[in-house]
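*Asks:* Just dropping this structure here.
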Amino acid sequence: MFGPRRLFHLWMAFVGLVLAAGFYWGWQTWEEVVGNESEHLQTLSAAVATSTHATLHGLQISLQLLDHQLEGIAGRGASSQAYPLMHWYLQMQPQVAAVGIATADGGIFTTGKQGKTLTALWQELSPARSSTPTGIPLSAGQRHALRACLQSARFCVGPPVEIHTKPGDAGIWTIPMRQPSIGRYPALLILLPLAQGRLPSWQHLPIRTEGSLYLLQTNGFLEARFPVPTAASFAVPQSGIAVRYLQSHPNLQSGTFVGLAKAADQWRMGAMVRVPGYPLVAGVGIGYMTLWARWWDLFQGTFWGLLVLLGLSILGYRYLRSIDREREGAAQALWENRERAEVTLRNIGDAVVVTDYNGQIRDANPAAERLLNLYCPEDCGQTLNQFLTPDDSVENEGSPHPATESPQREPQTTQSPVQVNTATGEPRWIERSAAPMHDREGGEIGMVWVLRDVTEPRRLQEQLAYQATHDMLTNLPNRRLFLARLGQYHDQTLYPGSLMVGILDLDGFKQINDRYGHGFGDALLQEVAQRLQQLARGSLDVVARLGGDEFAVLFPGIESIAVAKARAQAVLDTLRTPLEVEGMNVLLSASLGLTYYPADDTVPAELLRHADLALYAAKDAGRDSYRFFHEDMDQFQDRSMEMCRMTEEALEQGCLVLHYQPIVEAQGGPVGVEALLRMHHPERGLLPPAAFASALDSPRLARRIGQFVLATALRQNQSWHQQGIPLRVSINISPHHLLDPDFFSDLQTALAAHPDLPADAVEIEVTESAPLQDFRKAQEVLLACHQLGVRVALDDFGTGSASLTYLQKLPAHTIKIDQSFVRDILHDPKDYAIVSGVVTSARLLGLDVIAEGVETLEHAALLHQLQCQCFQGYAIARPMPAEQIPDWVSRYNPLFAQDDSTNTNQ
């Protein structure tokens, strides 16, 4: 048998031979077609030239005969005597459309169907041509050639002229001819019409439909062409391949040419023969596509035969190759199976040991040698038991000695991992499986053992299990494990007393984290975890980290409420002790929410939720304290959720509105208004903010409500400014909205939507809640508002612990004294002292002061004495709808005149 390469080369040589034979035969066929067609074109062009010569020579002789007959006419009436001869001439030459005789005085008389046309053509070419249009269109080339023909001393054939018998008809091309006279008349003229572009004598020639006949003058004018040209014209000299060939061969008698016909945009082959005795050549042309079609008719039989021969050679080659491949495939498969088995055995990651029927080792792969510390063939013949010993420190499922198990007829499934000591003494976890080997008769000859070292995966599994249940930062149990332990304690009765569940949150941790960085914060959390673990009673108590700065504690066996309170206080006291973090003492406190089971008889998840509610109560109580859960907290949570739902529905249904409470100067008029939110309830009527206060700062609604208030208040204030009421509108901003990343963008959008409202006509009021949550963020936002031109007011000033810090670090323009201080200044010296101090401090700092809650004129008078210049309260006006503000402003009288006398505002 041939090898695959040699067989391929032989087949390629055969294919090359077939293709070469095909190309050679195709070329020979093409040469034959071209040669035959060339001979045919030469013959046909010679026939056209002969026919044309006969026609022209006949017309020339007939005109000379007519000229001889005209010599005998003389005297008056010669023209009338010439007409019978001219009619006789037309009867003898029926193909002639008109005949005319030129007179010595430049005139002409004609007869025939186109006699008038001949007369008009003569007049058109006459040197003494009148300005009257003749109706015969002539190009400059035609005109020049025709005049040259009229002046010729020999028989002359002029370029064709298009004649229109009726306006708008297709026109008939006719050839004018001139014969010089030897008698009294200067010349004789005739018009020979073309029939579909051809001479009458061409009608009996064997013309093919795909070919063309033409008659050319040596000066390039086309005298006749069949079929009638579409891309060329009789009226102008031609420049096609036939003319170029003729001009390049001026002495041509006959010839054949090939070229690109630009007018028809195709390659053509043609032949031409000079017409004897005349400056004309007759030609025939045919397109190359016709030659290709004739070539294909002759060659297609050979082509299909060669194609079939190539197809048979491919089938034969593939058949021979399939036989060769089968032989090669069998040998390759045998080699691959052996190689695959060896390579797999040597490179597989699992340890593979082959034992005989008696359990003695016969072979082992490198992985088994590394795992068992054996070397083949030195250790072959020993049993597996000599290399694997059980680890008595752990309890294994099943036998740790694979070789002691009896062989099975079917492969064993993977056994549970067992821990054994290898020959090196190192304990390892081994997963094993085995399969029997058989001889040809089916008898068992040994076993193949697969031993997989799963020590590292088992360690990784244990590590992942630990990570799934523990917090990686503090190594405390996470929420998942805490709930599992809570469920265990909840379901068992091993410990007497109650089970106390608590959630702890660090006070001010976010500020510490932002101030010193996340690394410092993580170290602080680790220190807190250690403190809480030290407080735990061994493995009995559970301390977990739920996330962020939130921890959970689980204290079983609480015997009384006093013990529960003592444990809660111990947790807080533990964290009050300064913590040392990175060489720095950190003072910290925490808020703790607690509940205990079975007094709070519910499922574990609810116990954790109740502890969370108690945590919020501890925070609301001022932080650094603990609170126990009671049912009112759950009801309060339900009311809060219902309040948020009601507020959200009111916002979506357009039931939230703004009322405005005026702010006035003591000795002047109104300077501003505070926008106060109200809700139109379908059943309860108009509700004040206190009825839905908790929803105003909820994370879900704070920004949406804030956007609504900003847009509504600024739109209304712009309307007042356009009415000539230049008030400043104060807008309360909730802490959640102020600290929202998009708050400043919301403010810019609202200001941009009201370009006629100055930025300083807008004042935002903030309380201490937002700075307490994130002082740095609040400071940055308020500074950006200040740079934008918006005023900042510190609301409820004096009620919080950080108010003096606000005056120092926040960019405030106005201080609003809380009404809790203003209400009792008439009777409480302490409130009087606080208000006086705030007014004095604000005046020294250059800040405006507004007293809230001015209920009576006596309050206003006392505040005026303290030099507090702006008031807000029921003594001035109650909050009112926006449409009432203009009328109230127009009717307002100052509280104090320059002489400090009081006025009354209705």
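Each chain in the structure tokens gets a letter, A, B, ..., in the order shown, and its residues are numbered from 1; ligands are numbered from 1 in order too.
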Would you return as a compact mmCIF listing (two decimals) with N, CA and C atoms, in the first residue's frame the members of region 2-153 of chain A that DSSP assigns to strand (DSSP E) on this structure's backbone?

*Replies:*
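To be explicit, this is the file written out as states_25.txt:
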```txt
# COMPACT_ATOMS: atom_id res chain seq x y z
N ALA A 98 -35.31 60.97 -53.72
CA ALA A 98 -35.41 62.27 -54.40
C ALA A 98 -34.21 62.45 -55.29
N VAL A 99 -34.43 63.20 -56.41
CA VAL A 99 -33.36 63.55 -57.33
C VAL A 99 -33.49 65.03 -57.62
N GLY A 100 -32.34 65.69 -57.74
CA GLY A 100 -32.36 67.12 -58.00
C GLY A 100 -31.25 67.52 -58.94
N ILE A 101 -31.49 68.65 -59.64
CA ILE A 101 -30.50 69.18 -60.58
C ILE A 101 -30.15 70.59 -60.14
N ALA A 102 -28.86 70.80 -59.87
CA ALA A 102 -28.40 72.13 -59.46
C ALA A 102 -28.24 72.99 -60.69
N ILE A 108 -31.90 75.00 -57.51
CA ILE A 108 -32.04 73.56 -57.68
C ILE A 108 -33.51 73.25 -57.90
N PHE A 109 -33.79 72.30 -58.79
CA PHE A 109 -35.16 71.81 -58.90
C PHE A 109 -35.11 70.32 -58.69
N THR A 110 -36.08 69.81 -57.96
CA THR A 110 -36.07 68.43 -57.48
C THR A 110 -37.40 67.78 -57.72
N THR A 111 -37.40 66.47 -57.59
CA THR A 111 -38.63 65.69 -57.64
C THR A 111 -38.42 64.44 -56.81
N GLY A 112 -39.50 63.76 -56.49
CA GLY A 112 -39.44 62.56 -55.66
C GLY A 112 -40.13 62.78 -54.32
```

*Asks:* Name all residues at most 10 Å from Pro688 (chain A) (count only C-alpha atoms; drop same-chain ones fewer than 4 positions away) and give them as a compact mmCIF listing (two decimals) with all heavy atoms, in the first residue's frame.

*Replies:*
```txt
# COMPACT_ATOMS: atom_id res chain seq x y z
N HIS A 659 -47.93 75.39 54.80
CA HIS A 659 -48.42 76.63 55.39
C HIS A 659 -47.20 77.44 55.79
O HIS A 659 -46.10 76.88 55.97
CB HIS A 659 -49.30 76.34 56.61
CG HIS A 659 -50.69 75.91 56.22
ND1 HIS A 659 -51.77 75.96 57.06
CD2 HIS A 659 -51.18 75.44 55.04
CE1 HIS A 659 -52.85 75.53 56.45
NE2 HIS A 659 -52.51 75.20 55.21
N LEU A 676 -44.01 75.32 56.77
CA LEU A 676 -44.39 74.25 57.69
C LEU A 676 -45.30 73.27 56.97
O LEU A 676 -46.27 73.68 56.31
CB LEU A 676 -45.10 74.83 58.92
CG LEU A 676 -44.26 75.84 59.72
CD1 LEU A 676 -45.11 76.51 60.79
CD2 LEU A 676 -43.06 75.15 60.35
N LEU A 677 -45.00 72.00 57.08
CA LEU A 677 -45.71 70.96 56.34
C LEU A 677 -47.02 70.61 57.02
O LEU A 677 -47.10 70.54 58.26
CB LEU A 677 -44.82 69.72 56.22
CG LEU A 677 -45.20 68.68 55.15
CD1 LEU A 677 -45.12 69.30 53.76
CD2 LEU A 677 -44.25 67.48 55.24
N ARG A 678 -48.07 70.38 56.23
CA ARG A 678 -49.37 69.93 56.71
C ARG A 678 -49.85 68.80 55.81
O ARG A 678 -49.41 68.66 54.67
CB ARG A 678 -50.40 71.08 56.67
CG ARG A 678 -50.03 72.28 57.54
CD ARG A 678 -50.16 71.94 59.01
NE ARG A 678 -49.97 73.12 59.86
CZ ARG A 678 -48.83 73.50 60.38
NH1 ARG A 678 -47.73 72.81 60.11
NH2 ARG A 678 -48.75 74.57 61.14
N MET A 679 -50.77 67.97 56.34
CA MET A 679 -51.32 66.86 55.56
C MET A 679 -52.84 66.95 55.57
O MET A 679 -53.46 67.08 56.62
CB MET A 679 -50.90 65.51 56.14
CG MET A 679 -51.49 64.31 55.38
SD MET A 679 -51.25 62.73 56.24
CE MET A 679 -49.49 62.61 56.26
N HIS A 680 -53.43 66.87 54.35
CA HIS A 680 -54.88 66.79 54.22
C HIS A 680 -55.29 65.34 54.33
O HIS A 680 -55.11 64.55 53.40
CB HIS A 680 -55.34 67.37 52.88
CG HIS A 680 -55.42 68.86 52.87
ND1 HIS A 680 -56.29 69.56 53.68
CD2 HIS A 680 -54.74 69.79 52.15
CE1 HIS A 680 -56.14 70.86 53.46
NE2 HIS A 680 -55.20 71.03 52.54
N PHE A 692 -47.39 63.10 61.98
CA PHE A 692 -46.64 62.17 61.11
C PHE A 692 -45.15 62.49 61.16
O PHE A 692 -44.42 62.31 60.18
CB PHE A 692 -47.16 62.23 59.67
CG PHE A 692 -47.23 63.61 59.07
CD1 PHE A 692 -46.21 64.09 58.27
CD2 PHE A 692 -48.32 64.44 59.30
CE1 PHE A 692 -46.28 65.35 57.72
CE2 PHE A 692 -48.39 65.70 58.76
CZ PHE A 692 -47.37 66.16 57.96
N ALA A 693 -44.69 62.93 62.35
CA ALA A 693 -43.32 63.42 62.47
C ALA A 693 -42.28 62.34 62.20
O ALA A 693 -41.25 62.59 61.56
CB ALA A 693 -43.11 64.01 63.87
```

*Asks:* Looking at only C-alpha atoms, which of A:Thr302, A:Leu588, A:Tyr892, A:Leu845 is the one that sits closest to Leu19 (chain A)?

*Replies:*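 That would be A:Thr302, the residue with the smallest distance to Leu19 (chain A).
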
*Asks:* Choose the residue, out of A:Ile361, A:Cys785, A:Ala812, A:Val657, that has the smallest atom-to-atom separation from Asp379 (chain A); count only C-alpha atoms.

*Replies:*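 Of the candidates, the smallest distance to Asp379 (chain A) is held by A:Ile361.
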
*Asks:* Looking at A:Ile885, A:Ala364, A:Met177, A:Ala750, which one is nearest to Gln723 (chain A), with distances taken over only C-alpha atoms?

*Replies:*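 When distances to Gln723 (chain A) are compared using only C-alpha atoms, the smallest one comes from A:Ile885.
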
*Asks:* Write out as a ChimeraX atom specification which residues come within 8 Å of region 604-619 of chain A when counting only C-alpha atoms, dropping same-chain ones fewer than 5 positions away.

*Replies:* /A:483,486-487,490,501-505,591-597,624-630,633-634,637

*Asks:* Return the single residue from A:Arg703, A:Arg479, A:Gly22, A:Pro879 that is closest to Gly301 (chain A), with distances computed using only C-alpha atoms.

*Replies:*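 Of A:Arg703, A:Arg479, A:Gly22, A:Pro879, the one nearest Gly301 (chain A) is A:Gly22, counting only C-alpha atoms.
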
*Asks:* Using only C-alpha atoms, pick whichever of A:His737, A:His827, A:Gly853, A:Leu291 has the shortest atom-to-atom distance to Trp267 (chain A).

*Replies:* A:Leu291

*Asks:* For a test of reading the model, state the distance in Å between CA of Ser45 (chain A) and CA of Gly283 (chain A), rounded to one decimal.

*Replies:*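 Rounded to one decimal, the two atoms are 5.0 Å apart.
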
*Asks:* Need to verify the contact set: Tyr288 (chain A), 10 Å, only C-alpha atoms, exclusion of same-chain residues closer than 6 positions in sequence. Can you return it as a count of residues only?

*Replies:* 9

*Asks:* If we count only C-alpha atoms, what is near Cys655 (chain A) at a cut-off of 9 Å, once residues fewer than 3 positions away on the same chain are taken out, given as number ranges by chain?

*Replies:* A: 647, 649-652, 678-682

*Asks:* Mind dumping the selected residues with all heavy atoms as an mmCIF file, in the first residue's frame?

*Replies:*
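The new file selection.cif reads:
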```cif
data_model
loop_
_atom_site.group_PDB
_atom_site.id
_atom_site.type_symbol
_atom_site.label_atom_id
_atom_site.label_comp_id
_atom_site.auth_asym_id
_atom_site.auth_seq_id
_atom_site.Cartn_x
_atom_site.Cartn_y
_atom_site.Cartn_z
ATOM 1 N N THR A 647 -48.091 58.708 55.153
ATOM 2 C CA THR A 647 -47.373 59.877 54.613
ATOM 3 C C THR A 647 -46.988 59.658 53.152
ATOM 4 O O THR A 647 -47.084 60.567 52.328
ATOM 5 C CB THR A 647 -46.122 60.154 55.456
ATOM 6 O OG1 THR A 647 -46.496 60.297 56.828
ATOM 7 C CG2 THR A 647 -45.431 61.417 54.982
ATOM 8 N N GLU A 649 -48.542 57.753 50.969
ATOM 9 C CA GLU A 649 -49.758 57.868 50.161
ATOM 10 C C GLU A 649 -50.140 59.335 49.980
ATOM 11 O O GLU A 649 -50.533 59.758 48.888
ATOM 12 C CB GLU A 649 -50.897 57.103 50.813
ATOM 13 C CG GLU A 649 -50.752 55.586 50.746
ATOM 14 C CD GLU A 649 -51.931 54.867 51.375
ATOM 15 O OE1 GLU A 649 -52.819 55.568 51.926
ATOM 16 O OE2 GLU A 649 -51.970 53.616 51.312
ATOM 17 N N ALA A 650 -50.012 60.126 51.045
ATOM 18 C CA ALA A 650 -50.345 61.553 50.950
ATOM 19 C C ALA A 650 -49.412 62.260 49.967
ATOM 20 O O ALA A 650 -49.844 63.120 49.182
ATOM 21 C CB ALA A 650 -50.249 62.201 52.323
ATOM 22 N N LEU A 651 -48.129 61.888 49.992
ATOM 23 C CA LEU A 651 -47.180 62.503 49.064
ATOM 24 C C LEU A 651 -47.527 62.147 47.623
ATOM 25 O O LEU A 651 -47.495 63.008 46.730
ATOM 26 C CB LEU A 651 -45.761 62.042 49.408
ATOM 27 C CG LEU A 651 -44.625 62.567 48.516
ATOM 28 C CD1 LEU A 651 -44.541 64.087 48.615
ATOM 29 C CD2 LEU A 651 -43.296 61.929 48.930
ATOM 30 N N GLU A 652 -47.849 60.882 47.384
ATOM 31 C CA GLU A 652 -48.156 60.445 46.012
ATOM 32 C C GLU A 652 -49.484 61.012 45.523
ATOM 33 O O GLU A 652 -49.648 61.252 44.331
ATOM 34 C CB GLU A 652 -48.187 58.911 45.959
ATOM 35 C CG GLU A 652 -46.821 58.269 46.193
ATOM 36 C CD GLU A 652 -46.899 56.758 46.281
ATOM 37 O OE1 GLU A 652 -48.045 56.240 46.360
ATOM 38 O OE2 GLU A 652 -45.842 56.100 46.289
ATOM 39 N N ARG A 678 -48.067 70.377 56.229
ATOM 40 C CA ARG A 678 -49.368 69.935 56.707
ATOM 41 C C ARG A 678 -49.852 68.799 55.811
ATOM 42 O O ARG A 678 -49.411 68.656 54.665
ATOM 43 C CB ARG A 678 -50.398 71.082 56.671
ATOM 44 C CG ARG A 678 -50.029 72.282 57.543
ATOM 45 C CD ARG A 678 -50.163 71.945 59.015
ATOM 46 N NE ARG A 678 -49.972 73.121 59.860
ATOM 47 C CZ ARG A 678 -48.829 73.499 60.377
ATOM 48 N NH1 ARG A 678 -47.734 72.814 60.110
ATOM 49 N NH2 ARG A 678 -48.748 74.566 61.144
ATOM 50 N N MET A 679 -50.768 67.974 56.343
ATOM 51 C CA MET A 679 -51.320 66.863 55.560
ATOM 52 C C MET A 679 -52.843 66.955 55.567
ATOM 53 O O MET A 679 -53.464 67.085 56.623
ATOM 54 C CB MET A 679 -50.897 65.510 56.143
ATOM 55 C CG MET A 679 -51.491 64.309 55.384
ATOM 56 S SD MET A 679 -51.254 62.726 56.237
ATOM 57 C CE MET A 679 -49.488 62.615 56.262
ATOM 58 N N HIS A 680 -53.432 66.871 54.354
ATOM 59 C CA HIS A 680 -54.883 66.791 54.225
ATOM 60 C C HIS A 680 -55.291 65.337 54.335
ATOM 61 O O HIS A 680 -55.108 64.549 53.403
ATOM 62 C CB HIS A 680 -55.342 67.366 52.881
ATOM 63 C CG HIS A 680 -55.422 68.859 52.868
ATOM 64 N ND1 HIS A 680 -56.293 69.563 53.675
ATOM 65 C CD2 HIS A 680 -54.741 69.790 52.155
ATOM 66 C CE1 HIS A 680 -56.143 70.858 53.460
ATOM 67 N NE2 HIS A 680 -55.197 71.025 52.536
ATOM 68 N N HIS A 681 -55.821 64.947 55.513
ATOM 69 C CA HIS A 681 -56.254 63.561 55.716
ATOM 70 C C HIS A 681 -57.727 63.444 55.332
ATOM 71 O O HIS A 681 -58.542 64.306 55.703
ATOM 72 C CB HIS A 681 -56.036 63.142 57.175
ATOM 73 C CG HIS A 681 -56.126 61.662 57.390
ATOM 74 N ND1 HIS A 681 -57.326 61.005 57.562
ATOM 75 C CD2 HIS A 681 -55.159 60.711 57.452
ATOM 76 C CE1 HIS A 681 -57.110 59.710 57.720
ATOM 77 N NE2 HIS A 681 -55.793 59.501 57.657
ATOM 78 N N PRO A 682 -58.093 62.392 54.573
ATOM 79 C CA PRO A 682 -59.486 62.312 54.114
ATOM 80 C C PRO A 682 -60.495 62.193 55.250
ATOM 81 O O PRO A 682 -61.662 62.547 55.060
ATOM 82 C CB PRO A 682 -59.481 61.052 53.230
ATOM 83 C CG PRO A 682 -58.288 60.264 53.659
ATOM 84 C CD PRO A 682 -57.277 61.275 54.099
#
```

*Asks:* Kindly indicate which residue among A:Arg700, A:Arg6, A:Arg154, A:His438 lies nearest to Pro279 (chain A), using only C-alpha atoms for the distances.

*Replies:* A:Arg154

*Asks:* DSSP on the backbone, alpha helix (DSSP H) only: what residues of region 682-772 of chain A does that give? Format it as an NGL selection string.

*Replies:* :A and (693-696 or 702-722 or 735-738 or 743-752 or 769-772)

*Asks:* Quick check, in Å to one decimal: how far apart do CA of Val236 (chain A) and CA of His144 (chain A) lie?

*Replies:*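 Interatomic distance, CA of Val236 (chain A) to CA of His144 (chain A): 10.8 Å.
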
*Asks:* Just the residues within 10 Å of Arg567 (chain A), please, counting only C-alpha atoms, with nothing from its chain fewer than 4 positions along; format it as a ChimeraX atom specification.

*Replies:* /A:500,535,555,558,561-563,571-573

*Asks:* Go ahead and save the picked residues with C-alpha atoms, as a PDB file, in the first residue's frame.

*Replies:*
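The file below, out_35.pdb, is the result:
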```
ATOM      1  CA  MET A 500     -31.711  37.054  78.064  1.00  0.00           C
ATOM      2  CA  LEU A 535     -17.401  39.298  80.463  1.00  0.00           C
ATOM      3  CA  PHE A 555     -27.121  35.073  78.605  1.00  0.00           C
ATOM      4  CA  ILE A 558     -30.938  34.515  84.338  1.00  0.00           C
ATOM      5  CA  ILE A 561     -34.870  40.744  86.811  1.00  0.00           C
ATOM      6  CA  ALA A 562     -32.277  42.055  89.217  1.00  0.00           C
ATOM      7  CA  VAL A 563     -29.698  39.662  87.810  1.00  0.00           C
ATOM      8  CA  VAL A 571     -21.884  45.141  79.875  1.00  0.00           C
ATOM      9  CA  LEU A 572     -22.160  48.945  79.767  1.00  0.00           C
ATOM     10  CA  ASP A 573     -19.606  49.407  82.556  1.00  0.00           C
TER      11      ASP A 573
END
```

*Asks:* Find the distance between CA of Glu642 (chain A) and CA of Val603 (chain A) and write it in Å to one decimal.

*Replies:*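 So the two atoms, CA of Glu642 (chain A) and CA of Val603 (chain A), lie 24.0 Å apart.
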
*Asks:* Please identify all polymer residues within 10 Å of Val273 (chain A), counting only C-alpha atoms, omitting same-chain residues fewer than 5 positions from it, and present them as a PyMOL selection string.

*Replies:* chain A and resi 42-50+215+252-256+280-284

*Asks:* Restricting it to N, CA, C and O atoms, dump the selection as a PDB file, in the first residue's frame.

*Replies:*
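That gives us again.pdb:
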```
ATOM      1  N   GLN A  42     -14.734  38.166 -41.838  1.00  0.00           N
ATOM      2  CA  GLN A  42     -14.042  38.626 -43.039  1.00  0.00           C
ATOM      3  C   GLN A  42     -14.916  38.400 -44.262  1.00  0.00           C
ATOM      4  O   GLN A  42     -15.046  39.262 -45.143  1.00  0.00           O
ATOM      5  N   THR A  43     -15.518  37.211 -44.337  1.00  0.00           N
ATOM      6  CA  THR A  43     -16.378  36.892 -45.494  1.00  0.00           C
ATOM      7  C   THR A  43     -17.573  37.822 -45.545  1.00  0.00           C
ATOM      8  O   THR A  43     -17.927  38.360 -46.607  1.00  0.00           O
ATOM      9  N   LEU A  44     -18.213  38.023 -44.368  1.00  0.00           N
ATOM     10  CA  LEU A  44     -19.407  38.852 -44.346  1.00  0.00           C
ATOM     11  C   LEU A  44     -19.064  40.312 -44.644  1.00  0.00           C
ATOM     12  O   LEU A  44     -19.796  40.997 -45.369  1.00  0.00           O
ATOM     13  N   SER A  45     -17.919  40.801 -44.119  1.00  0.00           N
ATOM     14  CA  SER A  45     -17.552  42.195 -44.391  1.00  0.00           C
ATOM     15  C   SER A  45     -17.202  42.371 -45.869  1.00  0.00           C
ATOM     16  O   SER A  45     -17.494  43.427 -46.468  1.00  0.00           O
ATOM     17  N   ALA A  46     -16.598  41.349 -46.492  1.00  0.00           N
ATOM     18  CA  ALA A  46     -16.326  41.426 -47.940  1.00  0.00           C
ATOM     19  C   ALA A  46     -17.618  41.466 -48.725  1.00  0.00           C
ATOM     20  O   ALA A  46     -17.753  42.196 -49.720  1.00  0.00           O
ATOM     21  N   ALA A  47     -18.622  40.673 -48.271  1.00  0.00           N
ATOM     22  CA  ALA A  47     -19.930  40.690 -48.951  1.00  0.00           C
ATOM     23  C   ALA A  47     -20.592  42.052 -48.796  1.00  0.00           C
ATOM     24  O   ALA A  47     -21.195  42.573 -49.753  1.00  0.00           O
ATOM     25  N   VAL A  48     -20.454  42.659 -47.602  1.00  0.00           N
ATOM     26  CA  VAL A  48     -21.039  43.989 -47.392  1.00  0.00           C
ATOM     27  C   VAL A  48     -20.339  45.013 -48.285  1.00  0.00           C
ATOM     28  O   VAL A  48     -20.978  45.875 -48.910  1.00  0.00           O
ATOM     29  N   ALA A  49     -19.008  44.908 -48.386  1.00  0.00           N
ATOM     30  CA  ALA A  49     -18.267  45.857 -49.227  1.00  0.00           C
ATOM     31  C   ALA A  49     -18.659  45.691 -50.689  1.00  0.00           C
ATOM     32  O   ALA A  49     -18.835  46.672 -51.428  1.00  0.00           O
ATOM     33  N   THR A  50     -18.794  44.444 -51.159  1.00  0.00           N
ATOM     34  CA  THR A  50     -19.168  44.193 -52.552  1.00  0.00           C
ATOM     35  C   THR A  50     -20.563  44.718 -52.825  1.00  0.00           C
ATOM     36  O   THR A  50     -20.814  45.365 -53.862  1.00  0.00           O
ATOM     37  N   LEU A 215     -21.080  50.912 -42.242  1.00  0.00           N
ATOM     38  CA  LEU A 215     -20.353  51.496 -43.364  1.00  0.00           C
ATOM     39  C   LEU A 215     -19.762  52.799 -42.864  1.00  0.00           C
ATOM     40  O   LEU A 215     -20.487  53.676 -42.403  1.00  0.00           O
ATOM     41  N   LEU A 252      -5.287  50.374 -45.226  1.00  0.00           N
ATOM     42  CA  LEU A 252      -5.942  49.092 -45.019  1.00  0.00           C
ATOM     43  C   LEU A 252      -6.839  48.729 -46.196  1.00  0.00           C
ATOM     44  O   LEU A 252      -7.585  49.575 -46.705  1.00  0.00           O
ATOM     45  N   GLN A 253      -6.774  47.478 -46.604  1.00  0.00           N
ATOM     46  CA  GLN A 253      -7.716  46.929 -47.581  1.00  0.00           C
ATOM     47  C   GLN A 253      -8.711  46.017 -46.863  1.00  0.00           C
ATOM     48  O   GLN A 253      -9.888  46.028 -47.197  1.00  0.00           O
ATOM     49  N   SER A 254      -8.215  45.245 -45.905  1.00  0.00           N
ATOM     50  CA  SER A 254      -9.088  44.415 -45.077  1.00  0.00           C
ATOM     51  C   SER A 254      -8.325  44.068 -43.792  1.00  0.00           C
ATOM     52  O   SER A 254      -7.096  44.077 -43.787  1.00  0.00           O
ATOM     53  N   GLY A 255      -9.063  43.768 -42.734  1.00  0.00           N
ATOM     54  CA  GLY A 255      -8.408  43.425 -41.466  1.00  0.00           C
ATOM     55  C   GLY A 255      -9.410  43.027 -40.395  1.00  0.00           C
ATOM     56  O   GLY A 255     -10.622  43.242 -40.546  1.00  0.00           O
ATOM     57  N   THR A 256      -8.867  42.462 -39.336  1.00  0.00           N
ATOM     58  CA  THR A 256      -9.680  42.029 -38.191  1.00  0.00           C
ATOM     59  C   THR A 256      -9.124  42.703 -36.931  1.00  0.00           C
ATOM     60  O   THR A 256      -7.916  42.843 -36.774  1.00  0.00           O
ATOM     61  N   LEU A 280     -14.662  54.573 -48.483  1.00  0.00           N
ATOM     62  CA  LEU A 280     -15.534  53.916 -47.525  1.00  0.00           C
ATOM     63  C   LEU A 280     -14.951  52.564 -47.155  1.00  0.00           C
ATOM     64  O   LEU A 280     -14.230  51.952 -47.941  1.00  0.00           O
ATOM     65  N   VAL A 281     -15.285  52.097 -45.913  1.00  0.00           N
ATOM     66  CA  VAL A 281     -14.963  50.729 -45.504  1.00  0.00           C
ATOM     67  C   VAL A 281     -16.237  50.104 -44.958  1.00  0.00           C
ATOM     68  O   VAL A 281     -17.048  50.774 -44.293  1.00  0.00           O
ATOM     69  N   ALA A 282     -16.429  48.841 -45.293  1.00  0.00           N
ATOM     70  CA  ALA A 282     -17.573  48.084 -44.794  1.00  0.00           C
ATOM     71  C   ALA A 282     -17.086  47.147 -43.688  1.00  0.00           C
ATOM     72  O   ALA A 282     -16.033  46.522 -43.836  1.00  0.00           O
ATOM     73  N   GLY A 283     -17.823  47.050 -42.575  1.00  0.00           N
ATOM     74  CA  GLY A 283     -17.378  46.237 -41.461  1.00  0.00           C
ATOM     75  C   GLY A 283     -18.507  45.454 -40.821  1.00  0.00           C
ATOM     76  O   GLY A 283     -19.685  45.770 -40.990  1.00  0.00           O
ATOM     77  N   VAL A 284     -18.060  44.435 -40.059  1.00  0.00           N
ATOM     78  CA  VAL A 284     -18.983  43.589 -39.307  1.00  0.00           C
ATOM     79  C   VAL A 284     -18.398  43.438 -37.892  1.00  0.00           C
ATOM     80  O   VAL A 284     -17.180  43.271 -37.744  1.00  0.00           O
TER      81      VAL A 284
END
```
